[in-house]
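S.K.: First, the structure itself, so that you have it in front of you.
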Amino acid sequence: MSGPRGESASQRRATMREIAEEAGVSLATVSRVLNQPDLVARATLEAVEAVIKRRHFVSHGAAMSMVSNRSMTIGLIIPTITNSIYASSTQAIQNVAQQAGYTVLLGVSDFDGRSEEKLIRQLLGRRVDGLILTGGGRSADIYEMLRHNDVPHVLTWKLTDEAACPCVSFDNYRAGEIAMQHLLDLGHRRIGLVCGRSAVNDRARERRRAYEDALRRAGIAFDPDLVFERDFDFIEGRAAMHHMLNGTEPPSAVFCANDIQAIGALTECLDAGLRVPGDISIIGFDDLPVTQYMRPQLTTVRVPAKRMGHLAAKKLLEWIATRQAPGSAELPVELIVRGTTGVAPQR
């Protein structure tokens with residue numbers, strides 16, 4: 001069947017009536033699936049959701065906004081609000097959007113792919129003119145839904161080829177390499193790692209991969225007892241360091257793949273009576289403002305969070321205005337050497 005402009009049913013945006021007909025249910029049932037899924041029988045819910053997914057369907061209101069006037073809103077989805085590094089990029093996005101007359105609608109996915117997909121559909125239902133997403137690792141169906149509904153979208157915090165859309169980020173793997181090389185250059189060979197949960201966080205996965213590859217290139221055997229994947233929390237960083245310090249062979253240095261965990265690890269070392277960096281070195285990742293007020297000040301890898309948010313918002317607004325996708329941008333990182341890293345102690 002062809003649409004009003006000669007498009008096939010698979011090419012043009014589906015209507016709710018077409019979803020209902022294809023699934024063999026009523027319009028009211030489709031409405032309940034979209035708005036009150038708990039009221040729909042499981043088999044019916046799955047049948048309708050399968051058609052919605054196959055046809056890349058979004059609510060009629062969202063579809064109308066894409067072909068008529070703009071809503072002057074953009075959606076932003078971040079994985080957590082507990083890690084303050086996202087505050088910097090979020091604030092930059094908000095500033096750019098506000099100056100352009102846009103409102104930012106924020107969603108938090110909690111590192112859950114299904115939650116993120118639900119948030120994306122909800123934001124489209126609120127007629128956002130575009131989306132800024134965090135990291136990669138989502139299904140190809142989500143990108144296809146965004147393309148099918150002509151929704152401009154930009155990825156941040158990850159450089160990836162998985163989607164034909166602009167990415168604005170630094171190289172997480174390269175940044176991890178920089179941190180590890182600093183410790184290796186200081187003579188450390190017994191190096192621990194504290195990072196986020198790599199199964200749900202591709203940024204943590206890239207930083208862990210950099211850690212493992214750096215050890216391998218240096219001829220150092222990987223020791224799983226020195227690797228801790230934890231939530232972004234001071235207490236979690238402290239707990240990880242406690243386990244390492246009480247192991248059979250404690251590390252002489254630890255790469256914490258975010259500053260929150262690094263501060264927790266530093267606190268544990270100081271409370272244990274260790275000299276930092278005399279007895280143990282610690283390097284963080286992000287360069288949160290608080291790191292320069294620690295005693296000793298935290299050595300870390302500075303990431304361009306504010307610049308990334310600013311540029312991502314600019315690129316998204318450019319795409320919305322011109323209907324042409326802009327190019328990607330890779331931003332540099334910087335090693336900030338302060339007071340928590342030093343030459344490996346003689347043991």
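Letters A, B, ... mark the chains of the structure tokens in the order given; residue numbers begin at 1 per chain; ligand numbers begin at 1, in order shown.
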Sort by chain and increasing residue number a table of all residues of stretch 130-164 of chain A within 12 Å of stretch 14-23 of chain A, each with its closest pair of atoms and their distance in Å to one decimal, counting only C-alpha atoms, and write it as a Markdown table.

M.R.:
| residue | atom | partner | partner_atom | distance |
| --- | --- | --- | --- | --- |
| A:Met145 | CA | A:Ala14 | CA | 11.4 |
| A:His148 | CA | A:Ala14 | CA | 10.0 |
| A:Asn149 | CA | A:Ala14 | CA | 9.7 |

S.K.: May I have the residues from that selection written out with N, CA and C atoms, as a short mmCIF file (atom, residue, chain, number, x, y, z; two decimals), in the first residue's frame?

M.R.:
data_model
loop_
_atom_site.label_atom_id
_atom_site.label_comp_id
_atom_site.auth_asym_id
_atom_site.auth_seq_id
_atom_site.Cartn_x
_atom_site.Cartn_y
_atom_site.Cartn_z
N MET A 145 14.27 3.81 14.85
CA MET A 145 13.06 4.53 15.24
C MET A 145 13.27 6.03 15.12
N HIS A 148 13.48 6.89 11.43
CA HIS A 148 12.18 6.70 10.80
C HIS A 148 11.24 7.88 11.10
N ASN A 149 11.38 8.44 12.31
CA ASN A 149 10.53 9.55 12.71
C ASN A 149 11.22 10.90 12.55
#

S.K.: So that I can check the secondary structure, give me every residue of stretch 179-255 of chain A assigned strand (DSSP E) by backbone DSSP, as a VMD selection string.

M.R.: chain A and resid 191 to 195 227 to 229 253 to 255

S.K.: Here is a test: counting only C-alpha atoms, which residue of A:Leu245, A:Val48, A:Val337, A:Ala164 is nearest to A:Ala140?

M.R.: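 The answer is A:Ala164, which sits nearest to A:Ala140.
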
S.K.: For stretch 210-225 of chain A, list every protein, DNA or RNA residue within 6 Å, evaluated using only C-alpha atoms, and leave out those in the same chain fewer than 6 positions away; present the list as a PyMOL selection string.

M.R.: chain A and resi 173+176-177

S.K.: Measuring atom to atom with only C-alpha atoms, identify which of A:Val254, A:Leu159, A:Leu106, A:Val25 is nearest to A:Val40.

M.R.: A:Val25
